[in-house]
Structures are given as C-alpha cells and as structure tokens.
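K.L.:
Quick one, upload.cif (mmCIF, C-alpha atoms and all ligand atoms):
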data_my_file
#
loop_
_atom_site.label_atom_id
_atom_site.label_comp_id
_atom_site.auth_asym_id
_atom_site.auth_seq_id
_atom_site.Cartn_x
_atom_site.Cartn_y
_atom_site.Cartn_z
CA MET A 27 108.72 -171.62 90.20
CA PHE A 28 107.69 -174.40 87.85
CA THR A 29 105.65 -173.66 84.75
CA HIS A 30 105.78 -177.06 83.02
CA ALA A 31 105.68 -180.77 83.75
CA ILE A 32 106.16 -183.86 81.63
CA CYS A 33 104.37 -187.05 82.60
CA ARG A 34 103.77 -190.35 80.83
CA LYS A 35 100.67 -192.53 81.01
CA PRO A 36 101.23 -195.90 82.65
CA GLY A 37 100.94 -198.66 80.06
CA LEU A 38 98.63 -201.67 80.24
CA ASN A 39 101.74 -203.66 81.22
CA PHE A 40 102.83 -201.28 84.01
CA SER A 41 102.65 -204.11 86.54
CA HIS A 42 105.55 -205.82 84.72
CA GLY A 43 107.92 -203.09 85.90
CA LEU A 44 110.62 -203.61 88.50
CA THR A 45 109.50 -203.86 92.10
CA THR A 46 110.71 -205.08 95.46
CA VAL A 47 107.18 -205.17 96.90
CA GLN A 48 106.25 -208.77 97.65
CA GLY A 49 102.90 -209.94 96.35
CA ALA A 50 102.13 -206.61 94.68
CA LYS A 51 99.04 -206.86 92.49
CA PRO A 52 98.69 -203.43 90.95
CA ASP A 53 95.41 -202.64 89.23
CA TYR A 54 95.50 -200.83 85.89
CA ALA A 55 92.16 -199.02 86.23
CA VAL A 56 93.02 -197.79 89.74
CA MET A 57 96.48 -196.76 88.56
CA MET A 58 94.99 -194.72 85.72
CA THR A 59 92.54 -192.98 88.06
CA GLN A 60 95.37 -192.11 90.44
CA HIS A 61 97.60 -190.95 87.61
CA ASP A 62 94.83 -188.74 86.21
CA ALA A 63 94.37 -187.19 89.65
CA TYR A 64 98.13 -186.53 89.84
CA VAL A 65 98.18 -184.82 86.45
CA GLY A 66 95.05 -182.91 87.46
CA ALA A 67 96.74 -181.64 90.64
CA LEU A 68 99.75 -180.38 88.66
CA ARG A 69 97.41 -178.59 86.24
CA LYS A 70 95.40 -177.12 89.09
CA LEU A 71 98.62 -175.61 90.38
CA GLY A 72 99.06 -173.83 87.05
CA LEU A 73 101.56 -176.11 85.32
CA GLN A 74 101.30 -176.88 81.65
CA VAL A 75 101.49 -180.68 81.66
CA ASP A 76 102.44 -182.75 78.62
CA VAL A 77 101.30 -186.35 79.03
CA LEU A 78 103.30 -188.72 76.84
CA GLU A 79 102.04 -192.07 75.57
CA PRO A 80 103.28 -195.30 77.22
CA LEU A 81 106.39 -197.02 75.88
CA ALA A 82 105.35 -200.63 75.27
CA GLU A 83 108.83 -202.08 75.87
CA PHE A 84 109.43 -200.09 79.09
CA PRO A 85 106.72 -200.76 81.69
CA ASP A 86 108.38 -198.37 84.22
CA ALA A 87 108.56 -195.47 81.75
CA TYR A 88 105.80 -193.49 83.48
CA PHE A 89 108.34 -192.92 86.26
CA VAL A 90 109.67 -190.20 83.95
CA GLU A 91 111.77 -188.57 86.62
CA ASP A 92 114.43 -191.26 86.41
CA ALA A 93 115.22 -190.66 82.73
CA ALA A 94 116.18 -186.98 82.91
CA ILE A 95 117.02 -184.07 85.18
CA MET A 96 115.67 -180.64 84.35
CA THR A 97 117.22 -177.38 85.53
CA ALA A 98 116.54 -173.79 84.55
CA GLU A 99 119.54 -173.87 82.21
CA LEU A 100 119.70 -177.36 80.74
CA ALA A 101 118.37 -180.90 80.73
CA ILE A 102 120.54 -183.88 81.58
CA VAL A 103 119.63 -187.21 79.99
CA THR A 104 120.46 -189.88 82.54
CA ARG A 105 121.86 -193.38 82.16
CA PRO A 106 119.44 -195.35 84.37
CA GLY A 107 121.02 -197.82 86.72
CA ALA A 108 118.61 -200.65 85.88
CA LYS A 109 119.48 -202.15 82.48
CA ALA A 110 115.80 -202.83 81.82
CA ARG A 111 115.11 -199.09 82.03
CA ARG A 112 118.09 -197.72 80.12
CA GLY A 113 116.20 -197.18 76.87
CA GLU A 114 113.81 -194.79 78.59
CA ALA A 115 116.47 -192.08 78.56
CA ALA A 116 116.89 -192.10 74.78
CA ALA A 117 113.11 -191.92 74.38
CA MET A 118 112.98 -188.87 76.66
CA GLU A 119 115.76 -186.96 74.90
CA PRO A 120 113.75 -185.55 71.94
CA VAL A 121 110.96 -184.54 74.32
CA ILE A 122 113.16 -182.48 76.64
CA ALA A 123 115.35 -181.18 73.80
CA LYS A 124 112.36 -179.03 72.84
CA HIS A 125 112.75 -177.16 76.13
CA ARG A 126 116.43 -177.12 77.09
CA PRO A 127 119.97 -177.73 75.74
CA ILE A 128 120.97 -181.33 76.47
CA ALA A 129 123.84 -182.91 78.40
CA ARG A 130 124.20 -186.65 78.99
CA ILE A 131 125.45 -189.04 81.65
CA GLU A 132 127.87 -191.39 79.90
CA ALA A 133 129.06 -194.95 80.72
CA PRO A 134 130.37 -196.09 83.14
CA GLY A 135 128.24 -193.50 84.94
CA LYS A 136 124.82 -194.64 86.11
CA LEU A 137 122.26 -192.20 87.41
CA ASP A 138 118.51 -192.17 88.08
CA GLY A 139 116.75 -188.82 88.45
CA GLY A 140 115.11 -190.22 91.58
CA ASP A 141 118.47 -189.79 93.29
CA VAL A 142 118.73 -186.07 92.57
CA LEU A 143 117.21 -183.51 94.92
CA PHE A 144 117.62 -179.77 94.33
CA VAL A 145 117.44 -177.35 97.20
CA GLY A 146 117.70 -174.09 95.34
CA ARG A 147 121.01 -174.19 93.48
CA HIS A 148 122.45 -177.01 95.55
CA ALA A 149 122.03 -180.59 94.38
CA LEU A 150 122.03 -183.52 96.77
CA ILE A 151 122.95 -186.52 94.64
CA GLY A 152 122.28 -189.96 96.05
CA VAL A 153 124.69 -192.80 95.40
CA SER A 154 122.39 -195.78 95.52
CA GLU A 155 121.77 -199.19 94.02
CA ARG A 156 120.88 -197.34 90.81
CA SER A 157 123.26 -194.36 90.75
CA ASN A 158 127.03 -194.90 91.05
CA PRO A 159 129.79 -192.47 92.13
CA GLU A 160 130.78 -191.90 88.48
CA GLY A 161 127.22 -190.87 87.61
CA ALA A 162 127.04 -188.54 90.59
CA GLU A 163 130.41 -187.01 89.69
CA GLN A 164 129.43 -186.48 86.05
CA LEU A 165 126.20 -184.78 87.05
CA GLY A 166 127.99 -182.71 89.67
CA GLU A 167 130.52 -181.46 87.11
CA ILE A 168 127.79 -180.57 84.61
CA LEU A 169 125.92 -178.67 87.30
CA GLU A 170 129.07 -176.90 88.53
CA ASP A 171 129.57 -175.55 85.00
CA HIS A 172 126.21 -173.84 85.43
CA GLY A 173 126.91 -172.39 88.87
CA TYR A 174 125.40 -175.10 91.07
CA THR A 175 127.03 -176.76 94.05
CA TRP A 176 126.50 -180.40 94.95
CA THR A 177 127.02 -183.08 97.56
CA ALA A 178 127.03 -186.84 97.06
CA VAL A 179 124.94 -188.69 99.64
CA PRO A 180 125.19 -192.43 100.31
CA VAL A 181 121.79 -194.14 100.00
CA ALA A 182 121.89 -197.28 102.14
CA GLU A 183 118.11 -197.61 102.50
CA GLY A 184 115.30 -197.39 99.98
CA LEU A 185 115.40 -197.43 96.19
CA HIS A 186 116.35 -193.83 95.53
CA PHE A 187 117.49 -190.86 97.63
CA LYS A 188 114.10 -189.20 97.12
CA SER A 189 112.35 -192.32 98.40
CA SER A 190 113.61 -191.04 101.77
CA VAL A 191 114.48 -187.34 101.59
CA ASN A 192 112.54 -184.48 99.98
CA TRP A 193 112.55 -180.70 100.07
CA VAL A 194 109.49 -179.09 101.64
CA GLY A 195 110.35 -175.38 101.25
CA GLY A 196 112.89 -173.04 102.85
CA LYS A 197 115.71 -174.97 104.52
CA ASN A 198 113.32 -177.80 105.40
CA LEU A 199 113.77 -181.43 104.43
CA LEU A 200 111.38 -184.27 105.13
CA VAL A 201 113.59 -187.26 105.96
CA THR A 202 113.25 -190.84 107.14
CA GLU A 203 115.03 -191.86 110.34
CA ASP A 204 117.79 -193.55 108.34
CA PHE A 205 118.85 -190.21 106.88
CA ALA A 206 118.19 -187.95 109.86
CA GLY A 207 121.35 -186.31 111.19
CA MET A 208 123.58 -187.37 108.28
CA ASP A 209 126.65 -185.15 107.84
CA GLU A 210 125.67 -184.55 104.21
CA LEU A 211 122.39 -183.00 105.31
CA GLU A 212 123.90 -180.66 107.88
CA GLY A 213 122.50 -177.14 107.76
CA TYR A 214 118.97 -178.24 106.84
CA ARG A 215 116.07 -178.35 109.25
CA GLN A 216 114.99 -181.97 109.26
CA ILE A 217 111.43 -183.12 109.78
CA VAL A 218 111.69 -186.81 110.60
CA VAL A 219 109.02 -189.20 109.36
CA ASP A 220 107.61 -191.70 111.84
CA PRO A 221 109.12 -195.17 111.11
CA ALA A 222 105.59 -196.53 110.59
CA GLU A 223 105.15 -194.14 107.64
CA THR A 224 108.52 -194.18 105.84
CA TYR A 225 106.88 -194.22 102.38
CA SER A 226 105.37 -190.80 103.08
CA ALA A 227 108.79 -189.12 102.92
CA ASN A 228 108.12 -188.99 99.19
CA VAL A 229 106.28 -185.66 98.96
CA LEU A 230 106.46 -183.15 96.15
CA TRP A 231 106.76 -179.36 96.47
CA ILE A 232 105.09 -177.51 93.62
CA ASN A 233 105.24 -173.73 93.78
CA GLY A 234 104.50 -173.52 97.49
CA THR A 235 101.97 -176.37 97.65
CA LEU A 236 102.87 -179.84 98.89
CA LEU A 237 101.54 -182.90 97.14
CA VAL A 238 101.41 -185.60 99.81
CA PRO A 239 100.58 -189.29 99.58
CA ALA A 240 97.17 -189.99 101.11
CA GLY A 241 96.93 -192.20 104.18
CA TYR A 242 99.91 -191.14 106.32
CA PRO A 243 98.36 -189.04 109.12
CA LYS A 244 101.49 -188.66 111.24
CA THR A 245 103.49 -187.16 108.39
CA ARG A 246 100.58 -184.97 107.35
CA LYS A 247 100.36 -183.57 110.86
CA LYS A 248 104.07 -182.80 110.93
CA LEU A 249 103.84 -181.06 107.56
CA GLU A 250 100.79 -179.03 108.62
CA ALA A 251 103.11 -177.11 110.94
CA LEU A 252 104.81 -175.64 107.85
CA GLY A 253 101.59 -173.84 106.96
CA LEU A 254 101.74 -174.77 103.28
CA PRO A 255 98.64 -175.81 101.33
CA MET A 256 98.57 -179.56 100.76
CA ILE A 257 96.94 -181.82 98.19
CA ASP A 258 96.47 -185.46 99.18
CA LEU A 259 96.88 -187.97 96.38
CA ASP A 260 96.35 -191.70 96.52
CA THR A 261 99.52 -193.46 95.38
CA SER A 262 98.63 -197.02 96.36
CA GLU A 263 99.35 -198.50 92.92
CA ALA A 264 102.60 -196.61 92.24
CA ARG A 265 103.77 -197.70 95.69
CA LYS A 266 103.34 -201.34 94.69
CA MET A 267 105.87 -200.59 91.94
CA ASP A 268 108.30 -198.80 94.31
CA GLY A 269 107.27 -195.40 92.98
CA GLY A 270 105.58 -192.31 94.28
CA LEU A 271 104.76 -188.66 93.76
CA THR A 272 108.18 -187.33 92.77
CA CYS A 273 108.84 -190.09 90.21
CA MET A 274 105.85 -189.47 87.98
CA SER A 275 106.77 -186.06 86.58
CA LEU A 276 109.62 -183.93 85.37
CA ARG A 277 109.07 -180.38 86.58
CA PHE A 278 110.68 -177.25 85.15
C1 LIG B 301 111.93 -198.99 89.37
O1 LIG B 301 112.19 -199.93 90.14
O2 LIG B 301 112.79 -198.44 88.72
C2 LIG B 301 110.51 -198.52 89.26
N1 LIG B 301 109.61 -199.62 89.42
C3 LIG B 301 110.23 -197.47 90.31
C4 LIG B 301 110.95 -196.17 90.05
C5 LIG B 301 110.56 -195.12 91.01
N2 LIG B 301 111.22 -193.90 90.69
C6 LIG B 301 111.64 -193.03 91.57
O3 LIG B 301 111.59 -193.26 92.78
N3 LIG B 301 112.20 -191.92 91.10
#
Mind converting the file's structure to structure tokens?
Ligand code: CIR
P.N.:
Amino acid sequence: MFTHAICRKPGLNFSHGLTTVQGAKPDYAVMMTQHDAYVGALRKLGLQVDVLEPLAEFPDAYFVEDAAIMTAELAIVTRPGAKARRGEAAAMEPVIAKHRPIARIEAPGKLDGGDVLFVGRHALIGVSERSNPEGAEQLGEILEDHGYTWTAVPVAEGLHFKSSVNWVGGKNLLVTEDFAGMDELEGYRQIVVDPAETYSANVLWINGTLLVPAGYPKTRKKLEALGLPMIDLDTSEARKMDGGLTCMSLRF
C-alpha cells in the first residue's frame, strides 16, 4: 500500500520538453488543471502528496518518475537516458533521501524510472531507447540485494516500458499488442489494449483503485471486468509531451 507520493508542478516552459508528438501545442493552463486533478486524485486516495516546484532548466522535470525508483527499503536515483534530463536525478536526490536510504545508477548505465514496473517483489525492467542493459543490470543487482527478483524486457515500441505495460492488480497486466505474449511476461494474465487506444495502456494502480486516462472507452470497458474502482483523469496535455499517469508521481 502506498502512503506517499512526490509530484512536481509543470513549469511555464513545460512545452519545451522532449516529445515525439508531431505538431503538439500543449496549453499551460489546461496542463495545470489536469495536474491539479491528478494530485487531487492521489490525495483523495489517502496519499500524502508533496508537490515540488518546477525546475526552470528541466522542462520535463514534472515527469518525476523517471528520476528515481522508490521501494519499501530504498530509493534508487536514476541516470536518465536523455542527456537533457540527466540533471533531474540530482535534484530529486535530497527530496527522496528524506524518506529512504539512497543507491544510484552509475555511468555507463542509463535508466529511466518509466521503464521499471514492480509486480509485488518482482521488477520488470525495460531496456529501451532511454534505459540500457547496463542500467537494467545495475538496478537488478541493487534490487536483488534487497530480496527482489527481476527480468529485463526489450522495449521495441513506445518511449518507456510503462508506456505499454502496467500492473492492474493480482497477476494482471494491461499490455499493448506489441507486448502481448512476450516470453518475459509469461505467467501474467494479459489484458490487451485495442490498437486504436494504445496510449491507454498507461494506467496507474493506487491501493486498489485504478487511475485511467479519460477518453479510451474500449480499455475502460476491459478494465471494468476487474471490478476495481476507477478514476478517469484527462491527460491530453501530458500525452502531447509523451507522458501520462504513471510518469507524474513517485509513489511509496
Ligand atoms: C520525455 O521524453 O522524457 C518526456 N517528455 C516524457 C517522459 C514520460 N515519462 C514516462 O513515461 N515515465
């Protein structure tokens, strides 16, 4: 169960962040409204949420999940794969050091938190454009020292592993077609997202409630079968910056 979350307000320059979305014109006021609703949903679910101030030189810094990985035992400061984002990790370190002992991913390792999915005490670690095998290996070894197991998963589609695969309780994963049936995901029950709604694979489990991106009815219907309460949140502006629900908080 999570008791805390760390978020960061999007800065006025958030639209200068990295994105692959063509013609994206994100709106600051809309982004702030959506971010407030996201923080509000976490609070409604009982989490104590610390909202950090923007980092002027890092327009993607409100995607806090990429800068650190929180577990019950320790926090791991990442080494983000995108050079433009690397300084976000150092800025996060003093914040998370208040809550957990710290370990760090070191060069040549590269790792974004968006590539790390925990299913209980097993970590699925995506090797993507942003996270390299060395980064995955370093994280895996740190986690093994604390009794976790892990599997590296190749990420051939999407920005991060969690852009496409997320845990939705029990042995259930919500996955895009590209990841369905992968050997690395054997043993999990896979709920496959309709190809017209791939973005909606990015859902966030919080203490038995699912936060889901608004506007993806096929995925919502599939998730309804799980019987979990759901909160719909508009993520239109984060999506224009290649982000979503999991990226905007660190939960612990
Ligand atoms: C980036 O390209 O790094 C940001 N614009 C989006 C990061 C999204 N983070 C995530 O999926 N964990």
K.L.:
Figure out the distance between CA of Lys109 in chain A and CA of Pro134 in chain A, please, to one decimal in Å.
P.N.:
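CA of Lys109 in chain A lies at a distance of 12.5 Å from CA of Pro134 in chain A.
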K.L.:
Residues up to 6 Å from ligand LIG 301 (chain B), counting all atoms listed in the file: could you list those as a list in words?
P.N.:
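Final answer, ordered by chain and number: Gly43, Leu44, Thr45, Asp86, Phe89, Glu91, Asp92, Gly140, His186, Ser189, Met267, Asp268, Gly269 and Cys273 of chain A.
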K.L.:
Of the candidates A:Ser275, A:Thr175, A:Ser157, A:Ser226, which shows the shortest atom-to-atom distance to Ala31 in chain A, using all atoms listed in the file?
P.N.:
A:Ser275
K.L.:
Find the residue from A:Met208, A:Leu254, A:Ala240, A:Leu143 that sits nearest to Thr272 in chain A; use only C-alpha atoms when measuring.
P.N.:
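That would be A:Leu143, the residue with the smallest distance to Thr272 in chain A.
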K.L.:
One decimal, in Å: what's the spacing between CA of Met274 in chain A and CA of Leu200 in chain A?
P.N.:
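Separation between CA of Met274 in chain A and CA of Leu200 in chain A: 18.8 Å.
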K.L.:
In Å, with one decimal, what is the gap from CA of Phe144 in chain A to CA of Arg126 in chain A?
P.N.:
17.5 Å
K.L.:
Would you list the contacts of range 53-70 of chain A as a PyMOL selection string, taking every protein, DNA or RNA residue within 9 Å and counting only C-alpha atoms, but skipping same-chain residues closer than 6 positions in sequence?
P.N.:
chain A and resi 30-31+33+35-41+77+232+237+257+259-264+271+274-275
K.L.:
In terms of the shortest atom-to-atom distance over only C-alpha atoms, which of A:Lys124, A:Arg130, A:Lys136, A:Arg34 is closest to Arg112 in chain A?
P.N.:
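Under the stated criterion, the closest residue is A:Lys136.
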K.L.:
With a distance cut-off of 10 Å and only C-alpha atoms, select the neighbouring residues of Gly253 in chain A, excluding the residue or stretch itself and same-chain residues fewer than 4 positions from it, and output the selection as number ranges by chain.
P.N.:
A: 234-235, 249
K.L.:
From the set A:Gly146, A:Asp258, A:Thr97, A:Asn233, which residue has the shortest atom-to-atom contact distance to Met27 in chain A, counting only C-alpha atoms?
P.N.:
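Comparing A:Gly146, A:Asp258, A:Thr97, A:Asn233 against Met27 in chain A, the winner is A:Asn233.
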K.L.:
For Gly139 in chain A, work out the shell of residues within 12 Å, counting all atoms listed in the file and skipping chain neighbours fewer than 6 positions away, then give it as number ranges by chain.
P.N.:
A: 89-97, 101-107, 114-115, 131, 149-154, 156-157, 161-162, 165, 185-189, 272-277
K.L.:
Selected residues, C-alpha atoms, written as a short mmCIF file (atom, residue, chain, number, x, y, z; two decimals), in the coordinates of the input, please.
P.N.:
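Heads up, here's the output in out30.cif:
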data_model
loop_
_atom_site.label_atom_id
_atom_site.label_comp_id
_atom_site.auth_asym_id
_atom_site.auth_seq_id
_atom_site.Cartn_x
_atom_site.Cartn_y
_atom_site.Cartn_z
CA PHE A 89 108.34 -192.92 86.26
CA VAL A 90 109.67 -190.20 83.95
CA GLU A 91 111.77 -188.57 86.62
CA ASP A 92 114.43 -191.26 86.41
CA ALA A 93 115.22 -190.66 82.73
CA ALA A 94 116.18 -186.98 82.91
CA ILE A 95 117.02 -184.07 85.18
CA MET A 96 115.67 -180.64 84.35
CA THR A 97 117.22 -177.38 85.53
CA ALA A 101 118.37 -180.90 80.73
CA ILE A 102 120.54 -183.88 81.58
CA VAL A 103 119.63 -187.21 79.99
CA THR A 104 120.46 -189.88 82.54
CA ARG A 105 121.86 -193.38 82.16
CA PRO A 106 119.44 -195.35 84.37
CA GLY A 107 121.02 -197.82 86.72
CA GLU A 114 113.81 -194.79 78.59
CA ALA A 115 116.47 -192.08 78.56
CA ILE A 131 125.45 -189.04 81.65
CA ALA A 149 122.03 -180.59 94.38
CA LEU A 150 122.03 -183.52 96.77
CA ILE A 151 122.95 -186.52 94.64
CA GLY A 152 122.28 -189.96 96.05
CA VAL A 153 124.69 -192.80 95.40
CA SER A 154 122.39 -195.78 95.52
CA ARG A 156 120.88 -197.34 90.81
CA SER A 157 123.26 -194.36 90.75
CA GLY A 161 127.22 -190.87 87.61
CA ALA A 162 127.04 -188.54 90.59
CA LEU A 165 126.20 -184.78 87.05
CA LEU A 185 115.40 -197.43 96.19
CA HIS A 186 116.35 -193.83 95.53
CA PHE A 187 117.49 -190.86 97.63
CA LYS A 188 114.10 -189.20 97.12
CA SER A 189 112.35 -192.32 98.40
CA THR A 272 108.18 -187.33 92.77
CA CYS A 273 108.84 -190.09 90.21
CA MET A 274 105.85 -189.47 87.98
CA SER A 275 106.77 -186.06 86.58
CA LEU A 276 109.62 -183.93 85.37
CA ARG A 277 109.07 -180.38 86.58
#
K.L.:
Looking at all atoms listed in the file, which of A:Val75, A:Ala251, A:Ala227, A:Ala123 is the one that sits closest to Val191 in chain A?
P.N.:
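Of all the options, A:Ala227 lies closest to Val191 in chain A.
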K.L.:
Which of these, A:Lys266, A:Glu79, A:Tyr174, A:Gly195, has the shortest distance to His42 in chain A once you count only C-alpha atoms?
P.N.:
A:Lys266
K.L.:
Rebuild range 51-62 of chain A so that it carries all heavy atoms, then output the result as a PDB file, in the coordinates of the input.
P.N.:
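Dumped everything to rebuild.pdb:
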ATOM      1  N   LYS A  51      99.966-206.581  93.588  1.00  0.00           N
ATOM      2  CA  LYS A  51      99.040-206.860  92.490  1.00  0.00           C
ATOM      3  C   LYS A  51      98.435-205.518  92.049  1.00  0.00           C
ATOM      4  O   LYS A  51      97.297-205.198  92.397  1.00  0.00           O
ATOM      5  CB  LYS A  51      97.925-207.794  92.944  1.00  0.00           C
ATOM      6  CG  LYS A  51      98.370-209.219  93.215  1.00  0.00           C
ATOM      7  CD  LYS A  51      97.382-210.199  92.581  1.00  0.00           C
ATOM      8  CE  LYS A  51      97.788-211.652  92.584  1.00  0.00           C
ATOM      9  NZ  LYS A  51      99.046-212.027  93.148  1.00  0.00           N
ATOM     10  N   PRO A  52      99.198-204.755  91.316  1.00  0.00           N
ATOM     11  CA  PRO A  52      98.690-203.430  90.950  1.00  0.00           C
ATOM     12  C   PRO A  52      97.549-203.541  89.946  1.00  0.00           C
ATOM     13  O   PRO A  52      97.537-204.442  89.101  1.00  0.00           O
ATOM     14  CB  PRO A  52      99.894-202.747  90.313  1.00  0.00           C
ATOM     15  CG  PRO A  52     101.019-203.698  90.378  1.00  0.00           C
ATOM     16  CD  PRO A  52     100.507-205.036  90.737  1.00  0.00           C
ATOM     17  N   ASP A  53      96.612-202.616  90.069  1.00  0.00           N
ATOM     18  CA  ASP A  53      95.410-202.640  89.230  1.00  0.00           C
ATOM     19  C   ASP A  53      95.497-201.490  88.227  1.00  0.00           C
ATOM     20  O   ASP A  53      95.681-200.334  88.603  1.00  0.00           O
ATOM     21  CB  ASP A  53      94.190-202.455  90.148  1.00  0.00           C
ATOM     22  CG  ASP A  53      92.902-202.531  89.352  1.00  0.00           C
ATOM     23  OD1 ASP A  53      92.499-201.498  88.762  1.00  0.00           O
ATOM     24  OD2 ASP A  53      92.317-203.626  89.313  1.00  0.00           O
ATOM     25  N   TYR A  54      95.327-201.831  86.955  1.00  0.00           N
ATOM     26  CA  TYR A  54      95.500-200.830  85.890  1.00  0.00           C
ATOM     27  C   TYR A  54      94.474-199.700  85.999  1.00  0.00           C
ATOM     28  O   TYR A  54      94.825-198.516  85.923  1.00  0.00           O
ATOM     29  CB  TYR A  54      95.425-201.503  84.524  1.00  0.00           C
ATOM     30  CG  TYR A  54      95.496-200.526  83.381  1.00  0.00           C
ATOM     31  CD1 TYR A  54      96.705-199.888  83.066  1.00  0.00           C
ATOM     32  CD2 TYR A  54      94.369-200.225  82.614  1.00  0.00           C
ATOM     33  CE1 TYR A  54      96.780-198.976  82.020  1.00  0.00           C
ATOM     34  CE2 TYR A  54      94.444-199.319  81.577  1.00  0.00           C
ATOM     35  CZ  TYR A  54      95.646-198.698  81.279  1.00  0.00           C
ATOM     36  OH  TYR A  54      95.711-197.789  80.246  1.00  0.00           O
ATOM     37  N   ALA A  55      93.209-200.052  86.192  1.00  0.00           N
ATOM     38  CA  ALA A  55      92.160-199.020  86.230  1.00  0.00           C
ATOM     39  C   ALA A  55      92.390-198.071  87.416  1.00  0.00           C
ATOM     40  O   ALA A  55      92.260-196.846  87.284  1.00  0.00           O
ATOM     41  CB  ALA A  55      90.783-199.658  86.329  1.00  0.00           C
ATOM     42  N   VAL A  56      92.758-198.627  88.559  1.00  0.00           N
ATOM     43  CA  VAL A  56      93.020-197.790  89.740  1.00  0.00           C
ATOM     44  C   VAL A  56      94.249-196.904  89.484  1.00  0.00           C
ATOM     45  O   VAL A  56      94.276-195.711  89.782  1.00  0.00           O
ATOM     46  CB  VAL A  56      93.202-198.656  91.004  1.00  0.00           C
ATOM     47  CG1 VAL A  56      93.506-197.780  92.217  1.00  0.00           C
ATOM     48  CG2 VAL A  56      91.960-199.498  91.260  1.00  0.00           C
ATOM     49  N   MET A  57      95.259-197.530  88.889  1.00  0.00           N
ATOM     50  CA  MET A  57      96.480-196.760  88.560  1.00  0.00           C
ATOM     51  C   MET A  57      96.141-195.569  87.671  1.00  0.00           C
ATOM     52  O   MET A  57      96.614-194.442  87.900  1.00  0.00           O
ATOM     53  CB  MET A  57      97.487-197.674  87.846  1.00  0.00           C
ATOM     54  CG  MET A  57      98.787-197.001  87.462  1.00  0.00           C
ATOM     55  SD  MET A  57      99.842-196.712  88.892  1.00  0.00           S
ATOM     56  CE  MET A  57     100.242-194.994  88.644  1.00  0.00           C
ATOM     57  N   MET A  58      95.327-195.801  86.655  1.00  0.00           N
ATOM     58  CA  MET A  58      94.990-194.720  85.720  1.00  0.00           C
ATOM     59  C   MET A  58      94.212-193.609  86.427  1.00  0.00           C
ATOM     60  O   MET A  58      94.436-192.422  86.178  1.00  0.00           O
ATOM     61  CB  MET A  58      94.193-195.255  84.532  1.00  0.00           C
ATOM     62  CG  MET A  58      94.999-196.153  83.617  1.00  0.00           C
ATOM     63  SD  MET A  58      96.580-195.429  83.096  1.00  0.00           S
ATOM     64  CE  MET A  58      96.022-194.176  81.960  1.00  0.00           C
ATOM     65  N   THR A  59      93.304-193.990  87.312  1.00  0.00           N
ATOM     66  CA  THR A  59      92.540-192.980  88.060  1.00  0.00           C
ATOM     67  C   THR A  59      93.492-192.145  88.924  1.00  0.00           C
ATOM     68  O   THR A  59      93.396-190.916  88.980  1.00  0.00           O
ATOM     69  CB  THR A  59      91.498-193.683  88.970  1.00  0.00           C
ATOM     70  OG1 THR A  59      90.668-194.476  88.120  1.00  0.00           O
ATOM     71  CG2 THR A  59      90.647-192.692  89.729  1.00  0.00           C
ATOM     72  N   GLN A  60      94.426-192.825  89.570  1.00  0.00           N
ATOM     73  CA  GLN A  60      95.370-192.110  90.440  1.00  0.00           C
ATOM     74  C   GLN A  60      96.318-191.233  89.621  1.00  0.00           C
ATOM     75  O   GLN A  60      96.662-190.122  90.028  1.00  0.00           O
ATOM     76  CB  GLN A  60      96.147-193.119  91.304  1.00  0.00           C
ATOM     77  CG  GLN A  60      95.232-193.847  92.291  1.00  0.00           C
ATOM     78  CD  GLN A  60      95.936-194.900  93.134  1.00  0.00           C
ATOM     79  OE1 GLN A  60      97.114-195.214  92.926  1.00  0.00           O
ATOM     80  NE2 GLN A  60      95.202-195.466  94.084  1.00  0.00           N
ATOM     81  N   HIS A  61      96.705-191.730  88.470  1.00  0.00           N
ATOM     82  CA  HIS A  61      97.600-190.950  87.610  1.00  0.00           C
ATOM     83  C   HIS A  61      96.876-189.711  87.069  1.00  0.00           C
ATOM     84  O   HIS A  61      97.438-188.606  87.038  1.00  0.00           O
ATOM     85  CB  HIS A  61      98.126-191.830  86.466  1.00  0.00           C
ATOM     86  CG  HIS A  61      99.285-191.228  85.735  1.00  0.00           C
ATOM     87  ND1 HIS A  61      99.147-190.513  84.570  1.00  0.00           N
ATOM     88  CD2 HIS A  61     100.620-191.213  86.021  1.00  0.00           C
ATOM     89  CE1 HIS A  61     100.345-190.098  84.161  1.00  0.00           C
ATOM     90  NE2 HIS A  61     101.238-190.505  85.020  1.00  0.00           N
ATOM     91  N   ASP A  62      95.632-189.890  86.677  1.00  0.00           N
ATOM     92  CA  ASP A  62      94.830-188.740  86.210  1.00  0.00           C
ATOM     93  C   ASP A  62      94.710-187.685  87.305  1.00  0.00           C
ATOM     94  O   ASP A  62      94.786-186.485  87.040  1.00  0.00           O
ATOM     95  CB  ASP A  62      93.412-189.179  85.821  1.00  0.00           C
ATOM     96  CG  ASP A  62      93.378-189.875  84.469  1.00  0.00           C
ATOM     97  OD1 ASP A  62      94.401-189.828  83.747  1.00  0.00           O
ATOM     98  OD2 ASP A  62      92.333-190.479  84.138  1.00  0.00           O
TER      99      ASP A  62
END
